[in-house]
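Everything below belongs to model_8.txt, which stores compact mmCIF, C-alpha atoms.
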```txt
# COMPACT_ATOMS: atom_id res chain seq x y z
CA MET A 1 40.70 2.67 -30.79
CA SER A 2 37.73 0.39 -30.39
CA THR A 3 34.92 0.25 -27.90
CA LEU A 4 35.93 -3.30 -27.02
CA THR A 5 38.93 -2.19 -25.03
CA THR A 6 36.86 -0.12 -22.67
CA HIS A 7 35.03 -3.14 -21.25
CA ARG A 8 38.16 -5.05 -20.54
CA ALA A 9 39.34 -3.00 -17.62
CA VAL A 10 36.18 -3.93 -15.70
CA GLU A 11 36.97 -7.63 -15.32
CA PRO A 12 40.39 -8.99 -14.47
CA GLY A 13 41.95 -11.27 -17.06
CA ILE A 14 42.39 -15.00 -16.56
CA ASP A 15 45.24 -17.35 -17.39
CA PRO A 16 44.44 -18.49 -20.96
CA ARG A 17 45.63 -22.02 -20.18
CA GLY A 18 42.91 -22.44 -17.53
CA PRO A 19 39.97 -22.78 -19.93
CA ARG A 20 41.99 -25.25 -22.03
CA ILE A 21 42.48 -27.54 -19.03
CA VAL A 22 38.83 -27.10 -18.03
CA ALA A 23 37.82 -28.07 -21.58
CA ALA A 24 40.08 -31.13 -21.44
CA LEU A 25 38.47 -32.33 -18.19
CA THR A 26 35.04 -31.55 -19.65
CA SER A 27 35.90 -33.66 -22.71
CA LEU A 28 36.92 -36.54 -20.49
CA VAL A 29 33.66 -36.45 -18.50
CA LEU A 30 31.54 -36.16 -21.68
CA ALA A 31 33.42 -39.07 -23.29
CA LEU A 32 32.67 -41.15 -20.19
CA VAL A 33 28.99 -40.17 -20.47
CA LEU A 34 29.01 -41.77 -23.94
CA VAL A 35 30.58 -45.09 -22.95
CA THR A 36 29.33 -45.83 -19.42
CA PRO A 37 26.08 -47.69 -18.56
CA LEU A 38 23.00 -45.50 -18.38
CA PRO A 39 22.66 -44.78 -14.64
CA VAL A 40 26.34 -43.76 -14.45
CA ALA A 41 26.09 -41.75 -17.67
CA ILE A 42 23.10 -39.79 -16.36
CA LEU A 43 24.90 -39.08 -13.09
CA LEU A 44 28.04 -37.90 -14.89
CA LEU A 45 26.05 -35.69 -17.25
CA ALA A 46 24.17 -34.22 -14.29
CA VAL A 47 27.49 -33.37 -12.62
CA GLN A 48 28.78 -31.83 -15.87
CA THR A 49 25.59 -29.79 -16.23
CA VAL A 50 26.12 -28.33 -12.76
CA VAL A 51 29.76 -27.53 -13.62
CA PHE A 52 28.65 -25.79 -16.84
CA ALA A 53 26.06 -23.82 -14.84
CA ILE A 54 28.72 -22.60 -12.39
CA GLY A 55 30.97 -21.65 -15.32
CA ALA A 56 28.17 -19.79 -17.09
CA VAL A 57 27.01 -17.87 -14.02
CA ARG A 58 30.26 -17.18 -12.16
CA GLY A 59 32.88 -17.64 -14.88
CA VAL A 60 35.02 -20.55 -15.94
CA GLN A 61 37.68 -19.69 -13.34
CA HIS A 62 35.23 -20.58 -10.53
CA THR A 63 34.40 -24.11 -11.71
CA PRO A 64 35.74 -27.13 -9.78
CA TYR A 65 37.83 -28.00 -12.85
CA ALA A 66 39.56 -24.63 -12.66
CA VAL A 67 40.50 -25.43 -9.07
CA VAL A 68 42.22 -28.57 -10.38
CA PHE A 69 44.09 -26.37 -12.86
CA ARG A 70 45.20 -23.89 -10.18
CA ARG A 71 46.23 -26.52 -7.62
CA LEU A 72 47.78 -29.21 -9.82
CA VAL A 73 48.71 -27.74 -13.20
CA ARG A 74 49.53 -24.08 -12.79
CA PRO A 75 52.32 -24.55 -10.19
CA HIS A 76 54.23 -26.48 -12.87
CA LEU A 77 53.82 -23.79 -15.53
CA SER A 78 55.64 -20.52 -15.96
CA ALA A 79 53.67 -17.31 -15.50
CA PRO A 80 51.37 -16.55 -18.44
CA HIS A 81 52.73 -13.85 -20.72
CA ASP A 82 49.27 -12.58 -21.43
CA LEU A 83 45.98 -12.68 -19.56
CA GLU A 84 42.76 -13.38 -21.39
CA ASP A 85 39.30 -11.83 -21.29
CA SER A 86 37.11 -14.07 -19.11
CA ARG A 87 33.93 -13.42 -21.10
CA PRO A 88 34.51 -15.65 -24.16
CA PRO A 89 35.12 -18.82 -22.10
CA ARG A 90 32.22 -17.93 -19.85
CA PHE A 91 29.94 -17.67 -22.87
CA ALA A 92 31.27 -21.03 -24.07
CA GLN A 93 30.25 -22.53 -20.70
CA ALA A 94 26.72 -21.23 -21.29
CA VAL A 95 26.61 -22.93 -24.69
CA GLY A 96 27.85 -26.14 -23.06
CA LEU A 97 25.16 -25.80 -20.42
CA GLY A 98 22.52 -25.68 -23.15
CA PHE A 99 23.72 -28.92 -24.76
CA ALA A 100 24.20 -30.70 -21.43
CA ALA A 101 20.74 -29.68 -20.22
CA ILE A 102 19.10 -30.95 -23.43
CA GLY A 103 21.01 -34.21 -23.08
CA LEU A 104 20.04 -34.61 -19.45
CA ILE A 105 16.37 -33.95 -20.19
CA GLY A 106 16.60 -36.49 -23.04
CA PHE A 107 18.05 -39.18 -20.77
CA LEU A 108 15.54 -38.51 -17.99
CA ALA A 109 12.65 -38.56 -20.47
CA GLY A 110 13.77 -42.00 -21.59
CA SER A 111 15.37 -41.06 -24.91
CA ALA A 112 18.96 -42.27 -24.77
CA VAL A 113 19.48 -41.12 -28.37
CA VAL A 114 18.77 -37.47 -27.54
CA GLY A 115 21.02 -37.72 -24.48
CA LEU A 116 23.92 -39.28 -26.40
CA VAL A 117 23.73 -36.95 -29.40
CA ALA A 118 23.56 -33.82 -27.22
CA ALA A 119 26.50 -35.05 -25.14
CA GLY A 120 28.34 -35.82 -28.39
CA LEU A 121 27.82 -32.27 -29.70
CA ALA A 122 29.01 -30.81 -26.41
CA LEU A 123 32.05 -33.10 -26.68
CA VAL A 124 32.89 -31.75 -30.16
CA ALA A 125 32.86 -28.18 -28.80
CA ALA A 126 34.88 -29.13 -25.71
CA LEU A 127 37.49 -31.00 -27.77
CA LEU A 128 37.87 -28.07 -30.18
CA ASN A 129 38.53 -25.86 -27.18
CA ALA A 130 40.90 -28.28 -25.45
CA VAL A 131 42.95 -29.30 -28.49
CA PHE A 132 42.89 -26.15 -30.63
CA GLY A 133 41.87 -23.40 -28.20
CA PHE A 134 38.98 -22.73 -30.54
CA CYS A 135 35.63 -21.48 -29.17
CA LEU A 136 32.78 -22.83 -31.29
CA GLY A 137 30.01 -21.18 -29.28
CA CYS A 138 31.67 -17.79 -29.61
CA GLU A 139 31.52 -17.97 -33.40
CA ILE A 140 27.96 -19.20 -33.47
CA TYR A 141 27.10 -16.16 -31.35
CA LEU A 142 27.86 -13.70 -34.18
CA LEU A 143 25.98 -15.83 -36.71
CA LEU A 144 22.94 -15.84 -34.40
CA ARG A 145 23.14 -12.06 -33.92
CA ARG A 146 23.41 -11.60 -37.69
CA ALA A 147 20.39 -13.80 -38.30
CA ALA A 148 18.33 -12.28 -35.47
CA ALA A 149 18.83 -8.68 -36.60
CA ARG A 150 17.77 -9.36 -40.17
CA MET B 151 29.90 -51.16 -30.53
CA THR B 152 27.23 -49.27 -28.60
CA LEU B 153 25.52 -46.15 -29.94
CA GLY B 154 27.45 -44.10 -27.39
CA GLY B 155 30.70 -45.56 -28.69
CA TRP B 156 29.83 -44.51 -32.24
CA VAL B 157 28.89 -41.02 -31.09
CA LEU B 158 32.24 -40.79 -29.31
CA VAL B 159 34.21 -41.82 -32.40
CA LEU B 160 32.22 -39.46 -34.62
CA ALA B 161 32.69 -36.54 -32.19
CA VAL B 162 36.46 -37.05 -32.03
CA VAL B 163 36.78 -37.33 -35.82
CA LEU B 164 34.61 -34.23 -36.35
CA ALA B 165 36.51 -32.15 -33.81
CA LEU B 166 39.97 -33.12 -35.07
CA GLY B 167 38.97 -32.70 -38.71
CA PHE B 168 37.31 -29.33 -38.28
CA GLY B 169 39.98 -28.02 -35.91
CA GLY B 170 42.79 -29.17 -38.17
CA TRP B 171 41.21 -27.54 -41.20
CA ARG B 172 40.75 -24.30 -39.25
CA MET B 173 44.34 -24.36 -38.06
CA VAL B 174 45.53 -24.50 -41.65
CA SER B 175 43.11 -21.94 -43.11
CA ASP B 176 43.03 -19.37 -40.29
CA GLY B 177 44.80 -16.11 -40.98
CA ARG B 178 45.31 -16.82 -44.68
CA PHE B 179 44.46 -13.90 -46.93
CA ARG B 180 42.54 -14.95 -49.97
CA GLY B 181 39.85 -13.69 -52.25
CA THR B 182 37.34 -11.00 -51.53
CA HIS B 183 33.68 -11.11 -50.77
CA ARG B 184 31.38 -10.03 -53.55
CA VAL B 185 29.87 -6.90 -52.09
CA ARG B 186 26.13 -6.95 -52.38
CA GLY B 187 25.80 -3.25 -53.05
CA ALA B 188 28.32 -3.45 -55.85
CA GLU B 189 26.34 -6.08 -57.70
CA ARG B 190 23.19 -4.04 -57.43
CA GLY B 191 24.92 -0.92 -58.68
CA SER B 192 24.89 -0.20 -62.40
CA GLY B 193 27.99 0.04 -64.52
CA PHE B 194 30.04 -2.23 -62.36
CA GLU B 195 30.79 -5.29 -64.44
CA THR B 196 34.34 -6.01 -63.40
CA GLY B 197 33.57 -7.48 -60.03
CA ALA B 198 30.59 -9.65 -60.78
CA GLU B 199 32.27 -12.10 -63.15
CA ARG B 200 35.67 -12.05 -61.57
CA PRO B 201 36.86 -15.51 -60.53
CA PRO B 202 38.03 -15.94 -56.95
CA GLN B 203 41.42 -14.38 -56.44
CA PRO B 204 44.39 -16.60 -55.78
CA SER B 205 45.54 -16.58 -52.21
CA VAL B 206 48.35 -14.38 -51.03
CA ASP B 207 50.54 -16.95 -49.40
CA ALA B 208 52.35 -16.53 -46.13
CA SER B 209 55.63 -17.21 -47.88
CA ALA B 210 55.78 -13.75 -49.34
CA GLY B 211 59.10 -14.31 -51.05
CA ALA B 212 57.65 -16.46 -53.78
CA ARG B 213 55.08 -13.92 -54.85
CA SER B 214 54.02 -14.51 -58.41
CA PRO B 215 52.48 -11.81 -60.61
CA SER B 216 49.15 -13.62 -60.32
CA VAL B 217 48.71 -12.52 -56.70
CA GLU B 218 48.63 -8.89 -57.81
CA PRO B 219 45.23 -7.67 -56.69
CA VAL B 220 42.85 -7.00 -59.52
CA GLU B 221 41.01 -4.19 -57.80
CA THR B 222 43.92 -1.80 -57.60
CA THR B 223 44.44 -1.84 -61.35
CA VAL B 224 40.78 -1.69 -62.31
CA SER B 225 39.27 1.71 -61.68
CA SER B 226 35.94 0.69 -60.26
CA PRO B 227 33.18 3.15 -59.46
CA ARG B 228 32.70 1.37 -56.15
CA GLY B 229 33.95 3.52 -53.31
CA SER B 230 35.13 2.83 -49.82
CA VAL B 231 33.50 -0.13 -48.08
CA LEU B 232 33.32 2.12 -45.03
CA ALA B 233 31.55 4.96 -46.86
CA GLY B 234 28.78 6.38 -44.73
CA THR B 235 30.21 5.10 -41.45
CA ALA B 236 32.11 6.98 -38.78
CA TYR B 237 35.13 4.83 -39.56
CA ASP B 238 35.66 6.17 -43.07
CA GLY B 239 37.72 9.07 -41.74
CA GLN B 240 40.07 6.72 -39.93
CA ARG B 241 41.28 5.04 -43.09
CA GLY B 242 44.98 4.96 -43.82
CA GLU B 243 46.55 7.07 -46.51
CA ARG B 244 47.82 4.07 -48.45
CA ALA B 245 46.00 1.10 -47.00
CA THR B 246 43.73 0.11 -44.12
CA LEU B 247 43.61 -3.04 -42.03
CA LEU B 248 39.93 -3.33 -41.17
CA GLN B 249 39.31 -5.78 -38.33
CA PHE B 250 35.90 -7.06 -37.28
CA SER B 251 35.81 -8.13 -33.65
CA SER B 252 33.25 -9.18 -31.07
CA ALA B 253 33.20 -9.40 -27.32
CA PHE B 254 33.14 -13.21 -27.17
CA CYS B 255 36.26 -13.63 -29.22
CA ALA B 256 39.63 -14.56 -27.75
CA PRO B 257 41.66 -14.55 -31.03
CA CYS B 258 40.44 -11.00 -31.73
CA ARG B 259 42.86 -9.79 -29.10
CA ALA B 260 45.87 -11.45 -30.69
CA THR B 261 44.74 -10.09 -34.06
CA ARG B 262 44.49 -6.56 -32.67
CA GLN B 263 48.07 -6.82 -31.43
CA VAL B 264 49.37 -8.07 -34.77
CA LEU B 265 47.51 -5.49 -36.85
CA ASP B 266 48.46 -2.65 -34.49
CA ASP B 267 52.12 -3.60 -34.78
CA VAL B 268 51.96 -3.82 -38.57
CA ALA B 269 50.12 -0.50 -38.87
CA ARG B 270 52.74 1.15 -36.69
CA SER B 271 55.65 -0.23 -38.68
CA VAL B 272 54.33 0.46 -42.18
CA PRO B 273 53.80 4.16 -42.95
CA GLY B 274 50.45 5.20 -44.37
CA VAL B 275 48.70 2.12 -43.06
CA ALA B 276 45.98 2.39 -40.43
CA HIS B 277 44.34 -0.27 -38.28
CA VAL B 278 40.61 0.19 -37.80
CA GLU B 279 38.73 -2.15 -35.47
CA VAL B 280 34.96 -2.44 -35.73
CA ASP B 281 32.72 -4.15 -33.18
CA ALA B 282 30.74 -6.53 -35.39
CA GLU B 283 27.72 -6.56 -33.08
CA GLN B 284 27.37 -2.79 -33.28
CA HIS B 285 27.50 -2.75 -37.07
CA LEU B 286 25.47 -5.73 -38.23
CA ASP B 287 24.50 -3.97 -41.47
CA LEU B 288 28.14 -3.55 -42.41
CA VAL B 289 28.83 -7.13 -41.31
CA ARG B 290 26.10 -8.43 -43.61
CA ASP B 291 27.00 -6.21 -46.56
CA LEU B 292 30.62 -7.29 -46.37
CA GLY B 293 29.71 -10.93 -45.77
CA VAL B 294 31.59 -11.21 -42.49
CA LEU B 295 30.73 -14.54 -40.86
CA ARG B 296 33.33 -14.88 -38.13
CA THR B 297 35.39 -12.75 -35.85
CA PRO B 298 38.13 -11.90 -36.25
CA THR B 299 37.87 -11.12 -39.95
CA THR B 300 40.53 -8.81 -41.37
CA LEU B 301 39.98 -6.91 -44.61
CA VAL B 302 42.83 -5.17 -46.40
CA LEU B 303 41.55 -1.97 -48.01
CA ASP B 304 43.42 0.00 -50.64
CA ALA B 305 43.98 3.77 -50.55
CA ALA B 306 40.42 4.37 -51.79
CA GLY B 307 38.94 2.07 -49.14
CA ARG B 308 38.10 -0.77 -51.52
CA GLU B 309 38.57 -4.32 -50.33
CA VAL B 310 41.61 -6.05 -51.78
CA THR B 311 41.71 -9.24 -49.79
CA ARG B 312 40.55 -10.71 -46.49
CA ALA B 313 41.41 -13.32 -43.91
CA THR B 314 39.34 -14.99 -41.22
CA GLY B 315 40.93 -16.07 -37.98
CA ALA B 316 44.03 -14.57 -36.40
CA PRO B 317 46.69 -13.79 -39.04
CA ARG B 318 50.43 -13.87 -38.41
CA PRO B 319 52.45 -10.69 -39.02
CA GLY B 320 54.07 -12.21 -42.10
CA GLN B 321 50.68 -12.95 -43.62
CA VAL B 322 49.51 -9.38 -43.06
CA LEU B 323 52.71 -7.90 -44.48
CA ALA B 324 52.47 -10.09 -47.58
CA ALA B 325 48.87 -9.03 -48.15
CA LEU B 326 49.81 -5.39 -47.69
CA GLU B 327 52.72 -5.72 -50.07
CA ALA B 328 50.32 -6.81 -52.76
CA THR B 329 48.12 -3.80 -52.02
CA LEU B 330 50.60 -0.94 -51.81
```

Before we go any further, please render this structure as structure tokens.
Amino acid sequence: MSTLTTHRAVEPGIDPRGPRIVAALTSLVLALVLVTPLPVAILLLAVQTVVFAIGAVRGVQHTPYAVVFRRLVRPHLSAPHDLEDSRPPRFAQAVGLGFAAIGLIGFLAGSAVVGLVAAGLALVAALLNAVFGFCLGCEIYLLLRRAAAR
Amino acid sequence: MTLGGWVLVLAVVLALGFGGWRMVSDGRFRGTHRVRGAERGSGFETGAERPPQPSVDASAGARSPSVEPVETTVSSPRGSVLAGTAYDGQRGERATLLQFSSAFCAPCRATRQVLDDVARSVPGVAHVEVDAEQHLDLVRDLGVLRTPTTLVLDAAGREVTRATGAPRPGQVLAALEATL
């Protein structure tokens, strides 16, 4: 069949509900960034940036949020009927890292507007993932590849 | 309300609106992309002025004559959309389910399962999966913007209809029914 299947054996699959819970917690933190006073917002966004960095480098299943999923949520769920490729959610974490880093730099440079808008965009992506299981960054990836190869 | 509060409200509205729209439109077969090569080619007038095709609805029972694909009845000089690629030999005898996938794409896996099952159950139908990143020329020529995108090709390899997002088996069967 396709060449895509050959890669999959290399990495073990992950429970598809894990990234959804991670995205839900991410949404919560990003929403708090938007409504808390500045020093708290910057601290929260810094924490979220670190979490995104862990997710992008080691995979979403190694983030602190995923630990919450494994300890508190998964014991209450039945076994997943299908495991998921860990690369799409990991790529999504990298996209989140980009937005969070821009926001953090904006806040630290004194531009609250840049910080809030970047956090807001990251929130849109996280909500789409949490509510609909939809990976915005993954789709933008193909559009970027299309544009780059022109 | 603070600026952050407004950004929060806007983000929630955007996410729910976009996600809801996607949930409704994903997997629905409708229309075809105007193939760039076909418009350049001479003597091919049928495709250029054709209005967008009506959608092939998931509720296949209520199929009206209007969903009959135009391409199968019009003998167009345009050949297989896969012509010149290694995949052209893998086409089905009667129809082909051509799936574009990419590595960073979770719904591609569900789509593969659905299309594989349909191809196995309907004789003469093949499922061909193409890695979009490896075939960017084909992706651009066919106007594929997202993965998964599923094209239904007729016996000659011409596109009849397409769907973006993961389709349900019923949607694929209905689209095939209109093709065969």

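Proximity to Val294 (chain B) was assessed for B:Ala236, B:Ala325, B:Leu330, B:Leu248 counting only C-alpha atoms; the smallest distance is recorded for B:Leu248.
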
Query raised in the report: Which residues, written as a list in words, have at least one atom at most 9 Å from region 283-285 of chain B, with only C-alpha atoms counted and residues fewer than 3 positions away on the same chain left out?
Result: Leu142, Arg145 and Arg146 of chain A; Ser251, Ser252, Ala253, Val280, Leu288, Val289 and Arg290 of chain B

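The space separating CA of Asp238 (chain B) from CA of Arg180 (chain B) comes to 23.3 Å.
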
Residues of chain B that approach chain A to 8 Å or less, counting only C-alpha atoms: could you list each one with the shortest pair of atoms and its distance in Å to one decimal, rows by chain and increasing residue number, as a Markdown table?
```
| residue | atom | partner | partner_atom | distance |
| --- | --- | --- | --- | --- |
| B:Thr152 | CA | A:Val35 | CA | 7.8 |
| B:Leu153 | CA | A:Leu116 | CA | 7.9 |
| B:Gly154 | CA | A:Leu34 | CA | 4.4 |
| B:Gly155 | CA | A:Val35 | CA | 5.8 |
| B:Val157 | CA | A:Gly120 | CA | 5.9 |
| B:Leu158 | CA | A:Leu34 | CA | 6.3 |
| B:Ala161 | CA | A:Val124 | CA | 5.2 |
| B:Val162 | CA | A:Val124 | CA | 6.7 |
| B:Leu164 | CA | A:Val124 | CA | 6.9 |
| B:Ala165 | CA | A:Val124 | CA | 5.2 |
| B:Leu166 | CA | A:Leu128 | CA | 7.3 |
| B:Gly169 | CA | A:Leu128 | CA | 6.1 |
| B:Met173 | CA | A:Phe132 | CA | 7.8 |
| B:Ser252 | CA | A:Leu4 | CA | 7.6 |
| B:Ala253 | CA | A:Leu4 | CA | 6.7 |
| B:Phe254 | CA | A:Pro88 | CA | 4.1 |
| B:Cys255 | CA | A:Pro88 | CA | 5.7 |
| B:Ala256 | CA | A:Pro88 | CA | 6.3 |
| B:Val278 | CA | A:Met1 | CA | 7.4 |
| B:Glu279 | CA | A:Ser2 | CA | 5.8 |
| B:Val280 | CA | A:Ser2 | CA | 6.6 |
| B:Asp281 | CA | A:Leu4 | CA | 7.0 |
| B:Ala282 | CA | A:Leu142 | CA | 7.8 |
| B:Glu283 | CA | A:Arg145 | CA | 7.2 |
| B:Leu286 | CA | A:Arg146 | CA | 6.2 |
| B:Val289 | CA | A:Arg146 | CA | 7.9 |
| B:Arg290 | CA | A:Arg146 | CA | 7.2 |
| B:Leu295 | CA | A:Leu143 | CA | 6.4 |
| B:Arg296 | CA | A:Glu139 | CA | 5.9 |
| B:Thr297 | CA | A:Glu139 | CA | 6.9 |
```

Quick one: axis-aligned box around all listed atoms of region 68-77 of chain A, 8 Å on every side, centre and edge lengths in Å to one decimal, written as lines of an AutoDock Vina configuration file.
```
center_x = 48.2
center_y = -26.5
center_z = -11.6
size_x = 28.0
size_y = 21.4
size_z = 23.9
```

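Picture a line from CA of Val68 (chain A) to CA of Gly170 (chain B); it runs 27.8 Å.
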
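In this structure, CA of Ala306 (chain B) sits 11.2 Å away from CA of Thr329 (chain B).
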
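Compared by their closest atoms to His277 (chain B), and using all atoms listed in the file, the residues B:Val174, B:Ala245, B:Val310, B:Leu323 rank with B:Ala245 nearest.
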
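Near region 49-59 of chain A, within 9 Å and counting only C-alpha atoms, sit Thr26, Leu44, Leu45, Ala46, Val47, Gln61, His62, Thr63, Pro64, Tyr65, Ser86, Arg87, Pro89, Arg90, Phe91, Ala92, Gln93, Ala94, Val95, Gly96, Leu97, Gly98, Phe99, Ala100, Ala101 and Leu104 of chain A; same-chain residues fewer than 2 positions away were not included.
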
Requested in this report: Give me the residues within 7 Å of Gln321 (chain B) as a VMD selection string, counting all atoms listed in the file and dropping any in the same chain fewer than 3 places off.
Outcome: chain B and resid 178 208 317 to 318 324 to 325

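Closest approach to Ala276 (chain B) from the set B:Leu326, B:Ala316, B:Ala260, B:Ala233 is made by B:Leu326, with distances taken over only C-alpha atoms.
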
Requested in this report: For Ala79 (chain A), work out the shell of residues within 12 Å, counting all atoms listed in the file and skipping chain neighbours fewer than 2 positions away, then give it as a VMD selection string.
Outcome: chain A and resid 14 to 17 70 73 to 77 81 to 83

Report task. Counting only C-alpha atoms, select every polymer residue within 8 Å of (41.6, -12.8, -48.0) as defined in the file's coordinates, and provide the selection as a PyMOL selection string. Result -> chain B and resi 178-182+205-206+300-302+310-314
